[in-house]
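Following: one structure in structure tokens, then a few remarks.
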Amino acid sequence: MSENNITNENADLQGTPAPTEEVTASTNQPEETAAPAKAEEVQTAHDDFDWSIDKRNVSSYSKEEKEKYDKVYDDTFVAITDGELVKGRVVATTKTDVVINIGFKSDGLVPLNEFRDTPGLSVGDEVEVMVVEKEDRAGHLNLSRRQARITRAWEKIVEVHKTGEIVTGTVTSKTKGGLIVDVFGMETFLPGSQIDVKPVTDYDQFVGKTMEFKVVKINEAIKNAVVSHKALIESDIEAQRAEIMSKLEKGQVLEGTIKNITDFGAFMDLGGLDGLLYITDISWGRINHPSEVLKLDQKLNVVVLDFDDDKKRISLGLKQLTPHPWDVLPEGVTEGQIVKGRVVNIEDYGAFLEIMPGVEGLVHVSEITWANTPINAKEFFKLGDEHEAKIVTLDKDSRKMSLSIKQMTPDPWSEIENKYPVESRHTGLVKNITPYGVFVELEPGIG
């Protein structure tokens, strides 16, 4: 073969006849005088080489077979996208990482500290991870179990928020205004006002506790959730309240605990439902403030006086559990008897003396002294003072009693003739001087 004729030797290896066309090249002509060829027209010696046929002269795959085996090859790898959750198998562990096989072209590494909740992790275990990056700058598959857990937890939290289902969580730490609660492996916020129905000031006592909660608010944009333990308590209280209201009747006697005392009465907890015990229904006797006879957390039996289903208000009574004192007056309380009473009210026309709880009598100003001079009841009596008086009138039906202080002593005029006979001499006190004479008091009531 001439050195100026280059034949396609690969054609013989492929079993096809060599082309008869010769490629002639001038070796004597200077390089600078050779005619330049256009780039698209330059053809090398092996441009017609068929790479689908090997040197052993084996036939290539057909188009259909090639597509078939390409598909088989591609199916050996999992098609994944960034942010996708996939199942993987632990194939190895190191001091710092866990090697996870997810069926991709390479295994991924997950930091070992993301498996702190599974101390018994071993080769062959199946775990769920998130594909953070299919291929980072170093060409590695980047996986995260933590992100997978957070994503799954958020899906569950959104679901229970829709259904209202009760969840269990663990208080992990204290933060400004409340507590951090781990729910499904995700951090949620428990405001201080949602811990209990009663105000809570010591948040530390709840850290580390496992409690039940209700998801009351979620923020899809920042994946933030707010939980409440108070909502569960209120739900229980509402259920108890509805049950109590359904069985409530006037005159029914219930046991309650005093939870708050005010000037006008006391609020009582009836086991999930509050009732009001007015000051006028605490005792048959007069009291200035409920705290005189009641104490916080004191348990009492009370009677239902009235209730409103719509407003859920209940009026309670304590004194109604005992008979009215006027209905059970002792036999010794009769007209003409001397009794002792405490001043409970003072008016211009007289004062009211309480001789026993719920039983009062009026001492009219005219029944204070035998003296004829006007007397101011507010100057003569003081609240809380005790006085003896005589029962003048007594009406059990109308529950009225009149008392007299002056009648505890004889009327001085009844003995006037014997004590002050005509022409007898006595010393007296000048009480009044008028143009027509002088008034002299010989003794109280005699002038």
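Lettering and numbering for the structure tokens are positional, with chains as A, B, ... in the shown order, residues counted from 1 in each chain, and ligands counted from 1 in the shown order.
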Exercise for review: Determine, counting only C-alpha atoms, which protein, DNA and RNA residues have an atom within 7 Å of an atom of region 273-285 of chain A; residues of the same chain fewer than 2 positions away are not included. Present the result as a PyMOL selection string.
Suggested key: chain A and resi 241+264-271+287+290+313-319+357-358
Could you turn the residues from that selection into a file that holds N, CA and C atoms, as a PDB file, in the first residue's frame?
```
ATOM      1  N   ARG A 241     -70.575  21.210  83.740  1.00  0.00           N
ATOM      2  CA  ARG A 241     -71.573  22.277  83.899  1.00  0.00           C
ATOM      3  C   ARG A 241     -72.887  21.901  83.216  1.00  0.00           C
ATOM      4  N   PHE A 264     -70.581  41.808  98.163  1.00  0.00           N
ATOM      5  CA  PHE A 264     -72.001  41.494  97.991  1.00  0.00           C
ATOM      6  C   PHE A 264     -72.326  40.014  98.151  1.00  0.00           C
ATOM      7  N   GLY A 265     -71.312  39.177  98.337  1.00  0.00           N
ATOM      8  CA  GLY A 265     -71.593  37.757  98.490  1.00  0.00           C
ATOM      9  C   GLY A 265     -70.362  36.905  98.280  1.00  0.00           C
ATOM     10  N   ALA A 266     -70.590  35.631  98.010  1.00  0.00           N
ATOM     11  CA  ALA A 266     -69.492  34.682  97.809  1.00  0.00           C
ATOM     12  C   ALA A 266     -69.792  33.803  96.604  1.00  0.00           C
ATOM     13  N   PHE A 267     -68.759  33.552  95.774  1.00  0.00           N
ATOM     14  CA  PHE A 267     -68.891  32.651  94.635  1.00  0.00           C
ATOM     15  C   PHE A 267     -68.461  31.253  95.067  1.00  0.00           C
ATOM     16  N   MET A 268     -69.267  30.268  94.681  1.00  0.00           N
ATOM     17  CA  MET A 268     -69.009  28.894  95.091  1.00  0.00           C
ATOM     18  C   MET A 268     -68.849  27.994  93.876  1.00  0.00           C
ATOM     19  N   ASP A 269     -67.891  27.088  93.966  1.00  0.00           N
ATOM     20  CA  ASP A 269     -67.670  26.088  92.923  1.00  0.00           C
ATOM     21  C   ASP A 269     -68.503  24.857  93.266  1.00  0.00           C
ATOM     22  N   LEU A 270     -69.425  24.542  92.378  1.00  0.00           N
ATOM     23  CA  LEU A 270     -70.330  23.415  92.609  1.00  0.00           C
ATOM     24  C   LEU A 270     -69.867  22.163  91.882  1.00  0.00           C
ATOM     25  N   GLY A 271     -68.585  22.103  91.533  1.00  0.00           N
ATOM     26  CA  GLY A 271     -68.064  20.946  90.811  1.00  0.00           C
ATOM     27  C   GLY A 271     -68.111  21.144  89.313  1.00  0.00           C
ATOM     28  N   ILE A 287     -75.270  40.759 108.741  1.00  0.00           N
ATOM     29  CA  ILE A 287     -73.804  40.749 108.708  1.00  0.00           C
ATOM     30  C   ILE A 287     -73.357  41.889 107.807  1.00  0.00           C
ATOM     31  N   PRO A 290     -69.493  39.238 104.058  1.00  0.00           N
ATOM     32  CA  PRO A 290     -69.534  37.773 104.054  1.00  0.00           C
ATOM     33  C   PRO A 290     -68.364  37.120 104.784  1.00  0.00           C
ATOM     34  N   ARG A 313     -76.552  31.100  85.301  1.00  0.00           N
ATOM     35  CA  ARG A 313     -76.401  31.714  86.612  1.00  0.00           C
ATOM     36  C   ARG A 313     -77.214  30.934  87.635  1.00  0.00           C
ATOM     37  N   ILE A 314     -76.635  30.765  88.797  1.00  0.00           N
ATOM     38  CA  ILE A 314     -77.306  30.037  89.864  1.00  0.00           C
ATOM     39  C   ILE A 314     -77.249  30.876  91.130  1.00  0.00           C
ATOM     40  N   SER A 315     -78.430  31.088  91.736  1.00  0.00           N
ATOM     41  CA  SER A 315     -78.509  31.800  93.008  1.00  0.00           C
ATOM     42  C   SER A 315     -78.617  30.768  94.123  1.00  0.00           C
ATOM     43  N   LEU A 316     -77.772  30.934  95.127  1.00  0.00           N
ATOM     44  CA  LEU A 316     -77.700  29.962  96.212  1.00  0.00           C
ATOM     45  C   LEU A 316     -78.111  30.596  97.532  1.00  0.00           C
ATOM     46  N   GLY A 317     -78.504  29.742  98.456  1.00  0.00           N
ATOM     47  CA  GLY A 317     -78.870  30.209  99.785  1.00  0.00           C
ATOM     48  C   GLY A 317     -78.293  29.291 100.850  1.00  0.00           C
ATOM     49  N   LEU A 318     -77.850  29.888 101.942  1.00  0.00           N
ATOM     50  CA  LEU A 318     -77.331  29.122 103.072  1.00  0.00           C
ATOM     51  C   LEU A 318     -78.308  29.151 104.239  1.00  0.00           C
ATOM     52  N   LYS A 319     -78.874  30.314 104.505  1.00  0.00           N
ATOM     53  CA  LYS A 319     -79.770  30.437 105.654  1.00  0.00           C
ATOM     54  C   LYS A 319     -81.051  29.641 105.455  1.00  0.00           C
ATOM     55  N   PRO A 357     -80.311  35.769 116.123  1.00  0.00           N
ATOM     56  CA  PRO A 357     -80.140  35.890 114.667  1.00  0.00           C
ATOM     57  C   PRO A 357     -81.469  35.821 113.927  1.00  0.00           C
ATOM     58  N   GLY A 358     -81.788  36.898 113.214  1.00  0.00           N
ATOM     59  CA  GLY A 358     -82.990  36.946 112.403  1.00  0.00           C
ATOM     60  C   GLY A 358     -84.206  37.487 113.117  1.00  0.00           C
TER      61      GLY A 358
END
```
**Study point:** Near-region 209-212 of chain A list (6 Å; only C-alpha atoms; drop same-chain fewer than 3 positions) as number ranges by chain
**Key:** A: 167-171, 206
Pull all heavy atoms from the residues just selected and write them as a compact mmCIF listing (two decimals), in the first residue's frame.
```
# COMPACT_ATOMS: atom_id res chain seq x y z
N VAL A 167 -53.76 15.84 71.97
CA VAL A 167 -52.42 15.30 71.75
C VAL A 167 -51.65 15.29 73.07
O VAL A 167 -51.99 16.02 74.00
CB VAL A 167 -51.65 16.11 70.70
CG1 VAL A 167 -52.36 16.06 69.35
CG2 VAL A 167 -51.47 17.56 71.14
N THR A 168 -50.63 14.46 73.12
CA THR A 168 -49.76 14.39 74.29
C THR A 168 -48.41 14.99 73.95
O THR A 168 -47.84 14.71 72.89
CB THR A 168 -49.57 12.92 74.73
OG1 THR A 168 -50.85 12.36 75.03
CG2 THR A 168 -48.69 12.86 75.97
N GLY A 169 -47.92 15.83 74.82
CA GLY A 169 -46.63 16.48 74.60
C GLY A 169 -45.84 16.60 75.88
O GLY A 169 -46.38 16.45 76.98
N THR A 170 -44.56 16.85 75.73
CA THR A 170 -43.66 16.99 76.88
C THR A 170 -43.12 18.41 76.94
O THR A 170 -42.62 18.93 75.94
CB THR A 170 -42.49 16.00 76.79
OG1 THR A 170 -43.01 14.67 76.71
CG2 THR A 170 -41.59 16.11 78.01
N VAL A 171 -43.25 19.04 78.09
CA VAL A 171 -42.72 20.40 78.28
C VAL A 171 -41.20 20.29 78.37
O VAL A 171 -40.66 19.65 79.28
CB VAL A 171 -43.30 21.04 79.54
CG1 VAL A 171 -42.72 22.45 79.72
CG2 VAL A 171 -44.82 21.09 79.48
N PHE A 206 -43.56 22.95 85.61
CA PHE A 206 -44.11 22.15 84.52
C PHE A 206 -43.02 21.57 83.60
O PHE A 206 -43.32 20.69 82.80
CB PHE A 206 -45.08 22.99 83.69
CG PHE A 206 -46.29 23.45 84.44
CD1 PHE A 206 -46.33 24.71 85.00
CD2 PHE A 206 -47.38 22.61 84.60
CE1 PHE A 206 -47.45 25.14 85.71
CE2 PHE A 206 -48.50 23.02 85.31
CZ PHE A 206 -48.53 24.28 85.87
```
Exercise for review: Would you kindly return, as number ranges by chain, each protein, DNA or RNA residue with an atom no farther than 6 Å from any atom of Lys390 (chain A), considering only C-alpha atoms and excluding same-chain residues fewer than 3 positions away?
Suggested key: A: 336-338, 403-404
Selection from above, all heavy atoms, as a CSV table (one decimal), in the first residue's frame, can you write it?
```
chain,number,residue,atom,x,y,z
A,336,GLY,N,-93.9,41.4,127.6
A,336,GLY,CA,-93.6,41.7,129.0
A,336,GLY,C,-92.3,41.2,129.4
A,336,GLY,O,-91.9,41.5,130.6
A,337,GLN,N,-91.7,40.3,128.6
A,337,GLN,CA,-90.4,39.7,129.0
A,337,GLN,C,-89.2,40.7,128.8
A,337,GLN,O,-89.3,41.6,127.9
A,337,GLN,CB,-90.1,38.4,128.3
A,337,GLN,CG,-91.1,37.3,128.6
A,337,GLN,CD,-90.9,36.9,130.0
A,337,GLN,OE1,-89.8,36.7,130.6
A,337,GLN,NE2,-92.1,36.6,130.7
A,338,ILE,N,-88.2,40.6,129.6
A,338,ILE,CA,-87.0,41.4,129.4
A,338,ILE,C,-86.0,40.6,128.6
A,338,ILE,O,-85.7,39.5,128.9
A,338,ILE,CB,-86.3,41.8,130.7
A,338,ILE,CG1,-87.4,42.5,131.7
A,338,ILE,CG2,-85.1,42.7,130.5
A,338,ILE,CD1,-87.9,43.8,131.1
A,403,LEU,N,-90.0,47.2,121.3
A,403,LEU,CA,-89.3,47.1,122.6
A,403,LEU,C,-89.3,48.4,123.3
A,403,LEU,O,-89.5,49.5,122.7
A,403,LEU,CB,-87.8,46.6,122.3
A,403,LEU,CG,-87.6,45.3,121.6
A,403,LEU,CD1,-86.1,45.1,121.3
A,403,LEU,CD2,-88.2,44.2,122.4
A,404,SER,N,-89.1,48.4,124.6
A,404,SER,CA,-89.1,49.6,125.4
A,404,SER,C,-88.0,49.5,126.4
A,404,SER,O,-87.8,48.5,127.1
A,404,SER,CB,-90.4,49.9,126.0
A,404,SER,OG,-90.3,51.0,126.9
```
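Nearest to Val183 (chain A) of all the residues A:Val293, A:Val227, A:Val216, A:Leu305 is A:Val227, based on only C-alpha atoms.
With only C-alpha atoms as the atoms that count, the residue of A:Asp196, A:Asp395, A:Asp385, A:Asp74 with the shortest distance to Thr334 (chain A) is A:Asp395.
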Practice item. As an MDAnalysis selection string, list the residues of region 127-295 of chain A assigned to alpha helix (DSSP H) by DSSP on the backbone atoms of this structure. Key: chainID A and resid 145:163 230:247
